[in-house]
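Pasting my_file.txt here (compact mmCIF, C-alpha atoms):
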```
# COMPACT_ATOMS: atom_id res chain seq x y z
CA MET A 1146 3.40 1.53 18.15
CA LYS A 1147 6.19 0.63 20.45
CA LYS A 1148 5.94 3.12 23.28
CA SER A 1149 8.69 2.15 25.69
CA THR A 1150 9.05 4.43 28.71
CA ARG A 1151 12.33 3.02 29.90
CA THR A 1152 15.13 5.47 29.30
CA VAL A 1153 18.73 4.41 28.88
CA ALA A 1154 21.42 5.51 26.49
CA ALA A 1155 24.25 3.67 24.87
CA ALA A 1156 26.80 4.24 22.20
CA VAL A 1157 28.71 1.82 20.07
CA ALA A 1158 31.27 2.23 17.35
CA VAL A 1159 30.73 0.64 13.99
CA ALA A 1160 32.13 1.13 10.56
CA ALA A 1161 31.21 1.06 6.91
CA ALA A 1162 32.30 2.43 3.58
CA ALA A 1163 29.88 3.68 0.97
CA ALA A 1164 29.64 6.14 -1.86
CA LEU A 1165 25.96 6.63 -2.53
CA SER A 1166 23.61 9.09 -4.15
CA LEU A 1167 20.48 10.19 -2.34
CA THR A 1168 17.47 12.19 -3.36
CA ALA A 1169 16.22 14.59 -0.71
CA CYS A 1170 12.63 15.71 -0.34
CA GLY A 1171 12.27 18.12 -3.19
CA GLY A 1172 15.90 17.94 -4.29
CA SER A 1173 18.97 15.75 -4.45
CA THR A 1174 22.12 15.29 -2.42
CA SER A 1175 25.19 13.64 -3.85
CA ALA A 1176 27.48 11.75 -1.52
CA SER A 1177 31.01 12.09 -2.86
CA SER A 1178 32.74 10.81 0.30
CA ASP A 1179 33.25 7.19 1.25
CA GLY A 1180 30.98 7.55 4.24
CA LYS A 1181 33.68 7.47 6.90
CA GLY A 1182 33.03 9.42 10.06
CA ASP A 1183 30.26 9.52 12.65
CA VAL A 1184 26.66 8.45 12.06
CA SER A 1185 24.22 8.96 14.91
CA TYR A 1186 21.27 6.58 15.30
CA TRP A 1187 18.24 6.94 17.58
CA LEU A 1188 15.59 4.47 18.68
CA TRP A 1189 12.96 4.56 21.44
CA ASP A 1190 12.51 0.94 22.53
CA ALA A 1191 14.93 -0.07 25.30
CA ASN A 1192 13.93 -3.70 24.82
CA GLN A 1193 15.43 -3.65 21.32
CA LEU A 1194 18.61 -1.79 22.23
CA PRO A 1195 20.80 -4.89 22.82
CA ALA A 1196 19.90 -6.28 19.39
CA TYR A 1197 20.96 -3.11 17.62
CA GLN A 1198 24.14 -2.88 19.64
CA GLN A 1199 24.94 -6.36 18.33
CA CYS A 1200 24.11 -5.28 14.77
CA ALA A 1201 26.44 -2.33 15.19
CA SER A 1202 29.22 -4.51 16.54
CA ASP A 1203 28.91 -6.95 13.63
CA PHE A 1204 28.79 -4.08 11.19
CA THR A 1205 32.01 -2.50 12.37
CA LYS A 1206 33.94 -5.73 12.07
CA ALA A 1207 33.09 -5.98 8.39
CA ASN A 1208 33.21 -2.25 7.54
CA PRO A 1209 35.75 -0.20 9.50
CA GLY A 1210 35.62 3.55 9.09
CA ILE A 1211 32.18 4.78 10.16
CA ASN A 1212 31.36 5.36 13.83
CA ILE A 1213 27.72 4.63 14.63
CA LYS A 1214 26.55 6.27 17.85
CA ILE A 1215 23.32 4.80 19.22
CA ALA A 1216 21.06 6.66 21.64
CA GLN A 1217 17.75 5.48 23.11
CA ARG A 1218 15.02 7.72 24.49
CA GLY A 1219 11.53 7.00 25.79
CA TRP A 1220 8.60 7.47 23.36
CA ASP A 1221 7.41 10.95 24.34
CA ASP A 1222 10.87 12.43 24.84
CA TYR A 1223 12.01 10.81 21.61
CA TRP A 1224 9.67 12.71 19.31
CA THR A 1225 9.98 16.02 21.14
CA THR A 1226 13.77 15.88 21.01
CA LEU A 1227 13.73 14.75 17.39
CA THR A 1228 11.47 17.55 16.11
CA ASN A 1229 13.41 20.12 18.10
CA GLY A 1230 16.56 18.68 16.57
CA PHE A 1231 15.23 19.25 13.06
CA VAL A 1232 14.88 22.94 13.85
CA ALA A 1233 18.15 23.28 15.76
CA GLY A 1234 20.17 21.20 13.32
CA THR A 1235 20.99 18.57 15.94
CA ALA A 1236 18.79 15.70 14.78
CA PRO A 1237 20.38 12.24 14.36
CA ASP A 1238 21.60 11.12 10.96
CA VAL A 1239 19.39 8.02 11.11
CA PHE A 1240 16.40 7.33 13.33
CA THR A 1241 13.62 4.82 13.88
CA ASP A 1242 10.51 6.29 12.25
CA HIS A 1243 6.77 5.74 12.59
CA VAL A 1244 4.13 5.77 9.86
CA SER A 1245 2.08 8.34 11.77
CA LYS A 1246 5.05 10.72 11.87
CA TYR A 1247 6.91 10.51 8.59
CA PRO A 1248 4.30 12.16 6.31
CA GLU A 1249 4.71 15.44 8.16
CA PHE A 1250 8.50 15.10 8.25
CA ALA A 1251 8.56 14.45 4.50
CA SER A 1252 6.26 17.37 3.70
CA LYS A 1253 8.61 19.64 5.65
CA LYS A 1254 11.56 18.23 3.71
CA GLN A 1255 13.25 16.76 6.76
CA LEU A 1256 13.86 13.33 5.21
CA LEU A 1257 16.09 12.00 2.46
CA ALA A 1258 14.41 9.80 -0.10
CA LEU A 1259 16.01 6.41 -0.57
CA ASP A 1260 14.90 5.57 -4.11
CA ASP A 1261 18.27 6.11 -5.80
CA ALA A 1262 20.11 4.09 -3.16
CA VAL A 1263 17.55 1.26 -3.28
CA ALA A 1264 17.90 1.04 -7.06
CA LYS A 1265 21.69 1.41 -7.07
CA ASP A 1266 22.35 -1.12 -4.34
CA GLY A 1267 19.72 -3.64 -5.35
CA VAL A 1268 17.72 -3.63 -2.12
CA LYS A 1269 15.10 -6.38 -2.51
CA LEU A 1270 11.84 -4.80 -1.40
CA ASP A 1271 9.97 -8.06 -1.98
CA SER A 1272 11.94 -9.71 0.82
CA TYR A 1273 9.80 -7.90 3.40
CA ASN A 1274 6.42 -9.10 4.65
CA LYS A 1275 3.64 -8.05 2.30
CA GLY A 1276 2.65 -4.41 2.51
CA LEU A 1277 5.48 -3.19 4.75
CA ALA A 1278 7.62 -1.58 2.06
CA ASP A 1279 4.59 0.20 0.57
CA LEU A 1280 3.88 1.96 3.87
CA TRP A 1281 6.97 4.10 3.42
CA VAL A 1282 6.22 5.59 0.00
CA GLY A 1283 5.02 9.16 0.44
CA GLN A 1284 2.38 11.09 -1.45
CA ASP A 1285 5.10 12.30 -3.80
CA GLY A 1286 5.92 8.70 -4.75
CA LYS A 1287 9.31 8.74 -3.02
CA ARG A 1288 10.51 6.24 -0.45
CA TYR A 1289 11.41 7.57 3.00
CA GLY A 1290 12.24 4.46 4.97
CA LEU A 1291 13.30 0.83 4.79
CA PRO A 1292 11.24 -1.61 6.91
CA LYS A 1293 12.65 -2.93 10.17
CA ASP A 1294 9.77 -4.85 11.81
CA TRP A 1295 6.02 -5.46 11.96
CA ASP A 1296 3.44 -5.87 14.67
CA THR A 1297 -0.10 -6.98 15.46
CA VAL A 1298 -2.26 -6.71 18.57
CA GLY A 1299 -3.39 -9.44 20.93
CA LEU A 1300 -4.75 -10.21 24.40
CA PHE A 1301 -2.06 -10.52 27.08
CA TYR A 1302 -3.56 -12.34 30.03
CA ASN A 1303 -2.58 -13.58 33.48
CA LYS A 1304 -2.93 -17.35 33.26
CA ALA A 1305 -3.24 -17.86 37.01
CA MET A 1306 -6.21 -15.49 37.00
CA THR A 1307 -7.97 -17.14 34.07
CA ASP A 1308 -7.35 -20.56 35.63
CA ALA A 1309 -8.83 -19.41 38.93
CA ALA A 1310 -11.82 -18.03 37.05
CA GLY A 1311 -12.35 -21.32 35.21
CA ILE A 1312 -11.60 -19.82 31.80
CA THR A 1313 -9.55 -22.12 29.58
CA ALA A 1314 -6.89 -21.17 27.04
CA GLU A 1315 -9.21 -22.45 24.32
CA GLN A 1316 -11.97 -20.14 25.51
CA MET A 1317 -9.59 -17.17 25.57
CA ALA A 1318 -8.54 -17.98 22.00
CA THR A 1319 -12.14 -18.11 20.73
CA LEU A 1320 -13.76 -15.09 22.35
CA THR A 1321 -16.44 -13.21 20.44
CA TRP A 1322 -17.48 -9.58 20.62
CA ASN A 1323 -20.27 -7.26 19.52
CA PRO A 1324 -21.07 -3.65 20.47
CA GLN A 1325 -24.48 -4.52 21.91
CA ASP A 1326 -23.60 -6.76 24.85
CA GLY A 1327 -19.88 -7.35 24.38
CA GLY A 1328 -20.27 -11.07 23.64
CA THR A 1329 -18.13 -13.64 25.42
CA TYR A 1330 -15.33 -11.07 25.49
CA GLU A 1331 -17.25 -8.91 27.96
CA LYS A 1332 -18.35 -11.96 29.91
CA ALA A 1333 -14.70 -12.95 30.37
CA ILE A 1334 -13.73 -9.41 31.35
CA ALA A 1335 -16.58 -9.22 33.88
CA HIS A 1336 -15.77 -12.61 35.41
CA LEU A 1337 -12.08 -11.73 35.72
CA THR A 1338 -12.84 -8.47 37.53
CA VAL A 1339 -12.66 -8.87 41.30
CA ASP A 1340 -13.51 -6.29 43.96
CA LYS A 1341 -11.71 -5.89 47.28
CA ASN A 1342 -14.20 -8.22 48.96
CA GLY A 1343 -13.51 -11.02 46.49
CA LYS A 1344 -16.72 -10.56 44.50
CA ARG A 1345 -16.42 -10.99 40.73
CA GLY A 1346 -17.83 -8.48 38.30
CA ASP A 1347 -20.64 -10.79 37.24
CA GLU A 1348 -21.67 -11.69 40.80
CA ALA A 1349 -24.33 -10.10 42.96
CA GLY A 1350 -22.87 -7.62 45.42
CA PHE A 1351 -19.91 -6.64 43.21
CA ASP A 1352 -18.58 -3.21 44.30
CA LYS A 1353 -17.50 -1.36 41.18
CA ASN A 1354 -16.07 1.48 43.26
CA ASN A 1355 -13.60 -0.74 45.11
CA VAL A 1356 -11.93 -2.97 42.55
CA ALA A 1357 -8.83 -5.00 43.34
CA VAL A 1358 -8.30 -6.59 39.92
CA TYR A 1359 -9.72 -5.16 36.70
CA GLY A 1360 -10.75 -7.59 34.02
CA LEU A 1361 -9.29 -5.29 31.37
CA GLY A 1362 -6.39 -2.88 31.82
CA LEU A 1363 -6.28 0.61 30.33
CA ALA A 1364 -3.38 2.62 28.93
CA ALA A 1365 -5.14 5.61 27.34
CA SER A 1366 -8.12 6.58 25.20
CA GLY A 1367 -6.37 5.72 21.96
CA SER A 1368 -6.56 9.18 20.38
CA GLY A 1369 -7.36 8.89 16.68
CA GLN A 1370 -5.94 5.44 15.92
CA GLY A 1371 -6.69 3.28 18.97
CA GLN A 1372 -4.09 0.80 17.78
CA THR A 1373 -3.98 -1.27 20.95
CA GLU A 1374 -7.17 0.01 22.62
CA TRP A 1375 -10.19 -0.34 20.31
CA SER A 1376 -9.17 -0.45 16.64
CA PHE A 1377 -9.30 -4.26 16.54
CA LEU A 1378 -12.92 -4.13 17.70
CA ALA A 1379 -14.14 -1.32 15.46
CA ALA A 1380 -12.60 -2.97 12.40
CA THR A 1381 -14.79 -6.05 12.85
CA THR A 1382 -17.90 -3.89 12.36
CA GLY A 1383 -16.75 -2.84 8.89
CA TRP A 1384 -15.54 0.56 10.07
CA THR A 1385 -12.49 2.19 8.52
CA ALA A 1386 -10.76 5.27 9.88
CA THR A 1387 -10.53 7.06 6.54
CA ASP A 1388 -12.03 6.98 3.05
CA LYS A 1389 -8.85 5.37 1.74
CA ASN A 1390 -5.55 4.22 3.18
CA PRO A 1391 -2.96 5.51 2.79
CA TRP A 1392 -3.51 9.24 2.29
CA GLY A 1393 -7.14 9.45 3.23
CA THR A 1394 -8.68 12.93 3.45
CA THR A 1395 -12.07 12.08 4.93
CA PHE A 1396 -12.27 10.57 8.41
CA ASN A 1397 -15.12 8.44 9.70
CA TYR A 1398 -15.36 9.12 13.43
CA ASP A 1399 -19.00 10.03 12.87
CA ASP A 1400 -19.84 6.50 11.69
CA PRO A 1401 -22.46 4.88 13.98
CA LYS A 1402 -20.47 1.63 13.86
CA PHE A 1403 -17.45 3.39 15.31
CA GLN A 1404 -19.42 5.29 17.91
CA SER A 1405 -21.24 2.18 19.10
CA THR A 1406 -17.85 0.48 19.53
CA ILE A 1407 -16.53 3.36 21.60
CA ALA A 1408 -19.73 3.59 23.65
CA TRP A 1409 -19.41 -0.11 24.55
CA TRP A 1410 -15.72 0.23 25.42
CA ALA A 1411 -16.23 3.34 27.55
CA GLY A 1412 -19.09 1.53 29.28
CA LEU A 1413 -16.61 -0.93 30.79
CA VAL A 1414 -15.34 1.89 32.99
CA ASP A 1415 -18.81 2.66 34.30
CA LYS A 1416 -19.35 -1.03 35.06
CA GLY A 1417 -16.10 -1.17 37.01
CA TYR A 1418 -14.47 -3.65 34.66
CA MET A 1419 -11.79 -1.23 33.40
CA PRO A 1420 -9.89 1.53 35.27
CA LYS A 1421 -10.96 5.15 35.05
CA LEU A 1422 -8.99 7.24 32.58
CA GLU A 1423 -7.69 9.63 35.22
CA THR A 1424 -6.00 6.74 37.04
CA THR A 1425 -3.79 6.04 34.03
CA VAL A 1426 -1.95 9.38 34.10
CA GLY A 1427 1.68 8.67 34.91
CA ALA A 1428 0.92 4.97 35.30
CA SER A 1429 2.14 2.03 33.23
CA MET A 1430 -0.53 -0.39 32.06
CA ALA A 1431 2.14 -3.06 31.65
CA ASP A 1432 3.51 -2.61 35.16
CA ASN A 1433 -0.02 -2.66 36.60
CA PHE A 1434 -0.44 -6.02 34.91
CA GLY A 1435 2.87 -7.14 36.37
CA ALA A 1436 1.62 -6.08 39.79
CA GLY A 1437 -1.49 -8.24 39.41
CA LYS A 1438 -3.92 -5.35 39.05
CA ALA A 1439 -5.37 -6.41 35.69
CA ALA A 1440 -6.22 -9.80 34.20
CA ILE A 1441 -6.11 -8.84 30.50
CA ASN A 1442 -4.24 -6.13 28.64
CA THR A 1443 -4.71 -5.50 24.93
CA THR A 1444 -1.42 -4.43 23.43
CA GLY A 1445 1.14 -5.12 20.73
CA ASP A 1446 3.60 -7.94 20.20
CA TRP A 1447 6.57 -5.61 20.71
CA LEU A 1448 5.88 -5.92 24.46
CA ILE A 1449 6.01 -9.73 24.62
CA GLY A 1450 9.45 -9.64 26.22
CA GLN A 1451 8.42 -7.18 28.89
CA TYR A 1452 5.24 -9.03 29.81
CA THR A 1453 6.92 -12.43 29.98
CA GLY A 1454 9.63 -10.92 32.15
CA TYR A 1455 7.46 -10.13 35.17
CA LYS A 1456 8.43 -12.33 38.09
CA GLY A 1457 5.63 -14.43 39.51
CA ILE A 1458 3.35 -13.77 36.53
CA GLN A 1459 2.70 -16.33 33.80
CA THR A 1460 1.62 -14.30 30.81
CA SER A 1461 -0.25 -16.05 28.04
CA PHE A 1462 -1.51 -14.67 24.75
CA ALA A 1463 -4.75 -14.92 22.80
CA PRO A 1464 -5.78 -13.39 19.48
CA THR A 1465 -8.25 -10.52 19.40
CA PRO A 1466 -11.94 -11.56 19.61
CA VAL A 1467 -14.07 -12.40 16.60
CA GLY A 1468 -16.51 -9.57 15.86
CA PRO A 1469 -19.73 -8.99 13.89
CA SER A 1470 -17.89 -9.60 10.61
CA GLY A 1471 -17.34 -13.21 11.62
CA LYS A 1472 -13.60 -12.63 11.73
CA ARG A 1473 -11.09 -11.18 14.13
CA ALA A 1474 -8.96 -8.14 13.23
CA SER A 1475 -5.71 -6.42 14.13
CA MET A 1476 -4.03 -3.27 13.02
CA PHE A 1477 -0.86 -4.07 11.08
CA ASN A 1478 1.98 -1.65 11.46
CA GLY A 1479 5.66 -1.56 10.70
CA LEU A 1480 8.51 0.72 11.67
CA ALA A 1481 11.32 1.79 9.38
CA ASP A 1482 14.62 3.60 9.58
CA SER A 1483 14.80 7.04 7.96
CA ILE A 1484 17.59 9.50 7.20
CA TRP A 1485 17.50 13.14 8.26
CA ALA A 1486 17.86 15.52 5.33
CA GLY A 1487 20.40 17.55 7.31
CA THR A 1488 22.86 14.68 7.76
CA LYS A 1489 26.47 15.61 7.09
CA ASN A 1490 27.27 12.04 6.15
CA PRO A 1491 24.57 10.82 3.74
CA ALA A 1492 26.79 8.04 2.37
CA GLY A 1493 27.49 6.58 5.80
CA ALA A 1494 23.88 7.07 6.91
CA THR A 1495 22.57 5.21 3.89
CA LYS A 1496 25.01 2.34 4.34
CA TRP A 1497 23.77 1.98 7.92
CA VAL A 1498 20.08 2.12 6.94
CA GLU A 1499 20.61 -0.54 4.32
CA TYR A 1500 22.37 -2.74 6.84
CA LEU A 1501 19.56 -2.28 9.37
CA ALA A 1502 17.14 -3.37 6.67
CA SER A 1503 19.18 -6.44 5.70
CA SER A 1504 18.92 -10.02 6.91
CA ALA A 1505 22.38 -9.66 8.46
CA CYS A 1506 20.90 -7.33 11.10
CA GLN A 1507 17.31 -8.53 11.13
CA ASP A 1508 18.38 -12.12 11.82
CA VAL A 1509 20.20 -10.80 14.90
CA VAL A 1510 17.06 -8.93 15.97
CA ALA A 1511 15.06 -12.12 15.42
CA SER A 1512 17.42 -14.13 17.64
CA LYS A 1513 16.69 -11.84 20.60
CA ALA A 1514 12.96 -12.77 20.53
CA VAL A 1515 11.72 -9.23 21.16
CA VAL A 1516 9.95 -8.22 17.92
CA PHE A 1517 9.16 -9.65 14.49
CA PRO A 1518 11.61 -8.33 11.87
CA ALA A 1519 10.28 -7.06 8.54
CA ILE A 1520 12.10 -9.58 6.34
CA SER A 1521 9.93 -12.68 5.98
CA THR A 1522 12.71 -15.20 6.64
CA SER A 1523 13.90 -13.22 9.66
CA SER A 1524 10.33 -13.09 10.95
CA ASP A 1525 10.21 -16.89 10.81
CA LEU A 1526 13.44 -17.03 12.82
CA ALA A 1527 11.89 -14.76 15.44
CA ALA A 1528 8.93 -17.11 15.85
CA LYS A 1529 11.38 -19.97 16.45
CA ALA A 1530 13.34 -17.87 18.93
CA PHE A 1531 10.17 -17.11 20.87
CA ALA A 1532 9.25 -20.80 20.84
CA ALA A 1533 12.70 -21.68 22.18
CA LYS A 1534 11.89 -19.45 25.15
CA GLY A 1535 8.61 -21.28 25.65
CA VAL A 1536 6.52 -18.40 24.30
CA ASP A 1537 3.64 -19.20 21.94
CA VAL A 1538 3.26 -16.22 19.59
CA SER A 1539 0.60 -17.72 17.33
CA ALA A 1540 -1.90 -15.16 18.68
CA PHE A 1541 0.01 -12.54 16.72
CA THR A 1542 1.17 -14.45 13.67
CA THR A 1543 -2.28 -15.92 12.98
CA GLN A 1544 -3.58 -12.46 12.04
CA VAL A 1545 -1.01 -12.25 9.25
CA LYS A 1546 -1.48 -15.89 8.23
CA ASP A 1547 -5.27 -15.56 8.09
CA GLY A 1548 -5.28 -12.17 6.38
CA THR A 1549 -7.24 -10.46 9.15
CA THR A 1550 -4.98 -7.41 9.44
CA PHE A 1551 -5.65 -3.85 8.33
CA LEU A 1552 -3.11 -1.09 7.90
CA PHE A 1553 -2.37 1.63 10.40
CA PRO A 1554 -4.10 4.75 9.00
CA ILE A 1555 -1.57 6.89 7.18
CA ALA A 1556 -2.60 10.46 6.48
CA ASP A 1557 -1.19 13.93 6.31
CA LYS A 1558 -1.59 16.29 9.30
CA ALA A 1559 -1.54 13.40 11.76
CA ALA A 1560 -0.39 15.63 14.64
CA LYS A 1561 -3.32 17.99 14.13
CA VAL A 1562 -5.75 15.09 13.83
CA ASP A 1563 -4.53 13.70 17.15
CA GLY A 1564 -4.67 17.18 18.64
CA ILE A 1565 -8.41 17.14 17.99
CA MET A 1566 -9.19 13.51 18.65
CA LYS A 1567 -7.28 12.96 21.88
CA PRO A 1568 -9.31 15.41 24.00
CA ALA A 1569 -12.50 14.30 22.26
CA ARG A 1570 -11.77 10.64 22.97
CA ASP A 1571 -10.67 11.45 26.53
CA ALA A 1572 -13.98 13.24 27.15
CA VAL A 1573 -15.97 10.19 26.06
CA LEU A 1574 -13.91 7.68 28.02
CA SER A 1575 -14.08 9.81 31.17
CA GLY A 1576 -17.87 9.98 30.87
CA LYS A 1577 -17.99 13.73 30.30
CA LYS A 1578 -19.47 13.42 26.81
CA PRO A 1579 -21.40 10.75 24.87
CA ALA A 1580 -19.87 8.87 21.95
CA SER A 1581 -22.07 10.92 19.62
CA SER A 1582 -19.92 13.97 20.45
CA LEU A 1583 -17.22 12.43 18.25
CA SER A 1584 -19.19 13.65 15.23
CA ASP A 1585 -18.26 17.23 16.10
CA ALA A 1586 -14.61 16.23 16.43
CA ASN A 1587 -14.86 14.45 13.09
CA ASN A 1588 -16.08 17.64 11.44
CA GLN A 1589 -13.10 19.49 12.86
CA VAL A 1590 -10.71 16.84 11.58
CA ASN A 1591 -12.20 16.82 8.09
CA SER A 1592 -12.04 20.62 7.92
CA LEU A 1593 -8.26 20.28 8.06
CA PHE A 1594 -8.31 18.76 4.58
CA LYS A 1595 -10.55 21.32 2.89
```
Before we go any further, please render this structure as structure tokens.
Amino acid sequence: MKKSTRTVAAAVAVAAAAALSLTACGGSTSASSDGKGDVSYWLWDANQLPAYQQCASDFTKANPGINIKIAQRGWDDYWTTLTNGFVAGTAPDVFTDHVSKYPEFASKKQLLALDDAVAKDGVKLDSYNKGLADLWVGQDGKRYGLPKDWDTVGLFYNKAMTDAAGITAEQMATLTWNPQDGGTYEKAIAHLTVDKNGKRGDEAGFDKNNVAVYGLGLAASGSGQGQTEWSFLAATTGWTATDKNPWGTTFNYDDPKFQSTIAWWAGLVDKGYMPKLETTVGASMADNFGAGKAAINTTGDWLIGQYTGYKGIQTSFAPTPVGPSGKRASMFNGLADSIWAGTKNPAGATKWVEYLASSACQDVVASKAVVFPAISTSSDLAAKAFAAKGVDVSAFTTQVKDGTTFLFPIADKAAKVDGIMKPARDAVLSGKKPASSLSDANNQVNSLFK
């Protein structure tokens, strides 16, 4: 979730005073100081940076004494620098964390547990949208993060292109899908694909080797989760990534329902309706959309601001298509802020994490209309802020309202799982191997847990 490639850095000074006790992974750390001093904070999404600068500014006015230094790095650089920092002792005191990353960090005792602080300071975990707080309780029963936001997936589409194709907003909002013929979802994708001679993908004479506008954009193969690529389709077949979630130990990439989903999706490339995988290296799916090279992109609500910011493009949103289950589906994920176990200022770090997780900060985030904050009331404010900008976000909120979400798969050894699944998925999407080859990759993944 939330892969922003824009790289900027900023620092702000804020302040707080706190004397807190924390329990580290496998031990405990007592904070005897008042928390004054520096606290470094990292995040990866440049679109959210202004909101957190405002939170920091508000925080320092009320709590002088702690200097919060904010730095933003792009997604890939973020995690590389962070893990290197754990080893070198230069990691930030507080950082934005992801559910696919924290299990490994916790198992290596790189995170401080927040249970004592939550209990001592009366943090209301029931104030967050249902399920978000539970995501951050590790296998050892300890809490390693406080929720900051949530997200679902939807269809981002170029309204001028759908209008020209004679596809209405109502039709986009009621698309259906199945792995046999793709349903009305594939029909829309085909009709929105246009070759360099002006022929549409469903017209005679369409040249799939010379496409000007793809009906569906492509970012990557989706590795093991496929959050924004294919998970919302596979879930409507009854497929689940693991035997249980969280902390599954048996993966289901050998399930025929999953493989038929992937075979259909990869088939869009062969038909010329979706770009080839090799063309995505070093490219931005979002910017390709902004350049008019794709009619539909499937991605997460954290990119609403970026997509609605492209000049000359009117971006509209539709919920994911209804599948064989008779319902639509979307992966439901949420980020949190975590504390590095090596922090030299655990009291100040905890005070900052608690503030980030409070309505005081999350209401500010909501007002910027960039993401949906984790606190339910703040999330409602965000929807109003989007509406004030003329952006209809019901495509994303309806998944939560209708109960059609499923949790991001949380499991141990996520890095190793992705290390196996990414090349396996890439091979299928590039046409080098059939979807059935994912059974071999599945065996490799499951062997990690034996």
- request: Compile the contact shell of Phe1377 of chain A as a VMD selection string: residues with an atom at most 12 Å away, counting all atoms listed in the file, same-chain residues fewer than 2 positions apart removed.
  value: chain A and resid 1297 to 1300 1322 to 1323 1367 1370 to 1375 1379 to 1386 1403 1406 to 1407 1410 1443 to 1445 1464 to 1470 1472 to 1477 1544 1549 to 1553
query: Got a sec: who's within 7 Å of Ala1556 of chain A, counting only C-alpha atoms, leaving out chain neighbours fewer than 6 positions off, as number ranges by chain?
result: A: 1391-1393
- prompt: Just how far from atom CA of Val1426 of chain A is atom CA of Gly1412 of chain A, in Å to one decimal?
  reply: 19.5 Å
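Restricting the calculation to all atoms listed in the file, the smallest distance between Thr1395 of chain A and any of A:Ile1555, A:Val1184, A:Val1414, A:Leu1526 is found for A:Ile1555.
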message: Please compute the atom CA of Leu1422 of chain A-atom CA of Ile1458 of chain A distance, one decimal, in Å.
response: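 About the pair atom CA of Leu1422 of chain A and atom CA of Ile1458 of chain A: they are 24.7 Å apart.
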field: atom CA of Tyr1398 of chain A to atom CA of Thr1329 of chain A, distance in Å rounded to a single decimal
entry: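 Computing the Euclidean distance for atom CA of Tyr1398 of chain A and atom CA of Thr1329 of chain A yields 25.9 Å.
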- request: Would you mind telling me which residue in A:Asp1271, A:Asp1557, A:Asp1294, A:Asp1347 lies nearest to Ala1502 of chain A when using only C-alpha atoms?
  value: A:Asp1294
message: Give me the residues near Ala1514 of chain A as JSON, numbers by chain, where near means some atom within 9 Å (using all atoms listed in the file) and where sequence neighbours in that chain fewer than 6 positions away do not count.
response: {"A": [1449, 1450, 1526, 1527, 1528, 1529, 1530, 1531, 1532, 1534]}
Please define a box with edges along x, y and z of the file around all atoms of segment 1555-1567 of chain A given in the file, extend it by 8 Å on each side, and return its centre and edge lengths in Å to one decimal, as AutoDock Vina command-line options.
```
--center_x -4.8 --center_y 12.4 --center_z 14.1 --size_x 24.8 --size_y 27.1 --size_z 31.6
```
task: Please write as number ranges by chain the list of polymer residues whose atoms come within 12 Å of (14.4, 17.0, 14.8), counting all atoms listed in the file and keeping to the coordinates of the file.
output: A: 1187, 1222-1240, 1242, 1246-1247, 1249-1250, 1253-1256, 1484-1488
query: Taking all atoms listed in the file into account, which of A:Ala1364, A:Ile1441, A:Asp1308, A:Val1268 comes nearest Glu1331 of chain A?
result: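 Of A:Ala1364, A:Ile1441, A:Asp1308, A:Val1268, the one nearest Glu1331 of chain A, counting all atoms listed in the file, is A:Ile1441.
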Need the neighbours of (-14.0, 7.8, 32.6): which residues are at most 12 Å away, counting all atoms listed in the file, as an mmCIF file with C-alpha atoms, in the coordinates of the input?
```cif
data_model
loop_
_atom_site.group_PDB
_atom_site.id
_atom_site.type_symbol
_atom_site.label_atom_id
_atom_site.label_comp_id
_atom_site.auth_asym_id
_atom_site.auth_seq_id
_atom_site.Cartn_x
_atom_site.Cartn_y
_atom_site.Cartn_z
ATOM 1 C CA LEU A 1363 -6.280 0.610 30.330
ATOM 2 C CA ALA A 1365 -5.140 5.610 27.340
ATOM 3 C CA SER A 1366 -8.120 6.580 25.200
ATOM 4 C CA ALA A 1408 -19.730 3.590 23.650
ATOM 5 C CA TRP A 1410 -15.720 0.230 25.420
ATOM 6 C CA ALA A 1411 -16.230 3.340 27.550
ATOM 7 C CA GLY A 1412 -19.090 1.530 29.280
ATOM 8 C CA LEU A 1413 -16.610 -0.930 30.790
ATOM 9 C CA VAL A 1414 -15.340 1.890 32.990
ATOM 10 C CA ASP A 1415 -18.810 2.660 34.300
ATOM 11 C CA LYS A 1416 -19.350 -1.030 35.060
ATOM 12 C CA GLY A 1417 -16.100 -1.170 37.010
ATOM 13 C CA TYR A 1418 -14.470 -3.650 34.660
ATOM 14 C CA MET A 1419 -11.790 -1.230 33.400
ATOM 15 C CA PRO A 1420 -9.890 1.530 35.270
ATOM 16 C CA LYS A 1421 -10.960 5.150 35.050
ATOM 17 C CA LEU A 1422 -8.990 7.240 32.580
ATOM 18 C CA GLU A 1423 -7.690 9.630 35.220
ATOM 19 C CA THR A 1424 -6.000 6.740 37.040
ATOM 20 C CA THR A 1425 -3.790 6.040 34.030
ATOM 21 C CA ARG A 1570 -11.770 10.640 22.970
ATOM 22 C CA ASP A 1571 -10.670 11.450 26.530
ATOM 23 C CA ALA A 1572 -13.980 13.240 27.150
ATOM 24 C CA VAL A 1573 -15.970 10.190 26.060
ATOM 25 C CA LEU A 1574 -13.910 7.680 28.020
ATOM 26 C CA SER A 1575 -14.080 9.810 31.170
ATOM 27 C CA GLY A 1576 -17.870 9.980 30.870
ATOM 28 C CA LYS A 1577 -17.990 13.730 30.300
ATOM 29 C CA LYS A 1578 -19.470 13.420 26.810
ATOM 30 C CA PRO A 1579 -21.400 10.750 24.870
#
```
Contact residues around Ala1349 of chain A with all atoms listed in the file at 12 Å, ignoring same-chain residues under 6 positions, as number ranges by chain: A: 1335-1336, 1339-1340, 1342-1343
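Comparing A:Asp1203, A:Asp1183, A:Asp1266, A:Asp1585 by their smallest distance to Gln1507 of chain A, the closest is A:Asp1203 (using all atoms listed in the file).
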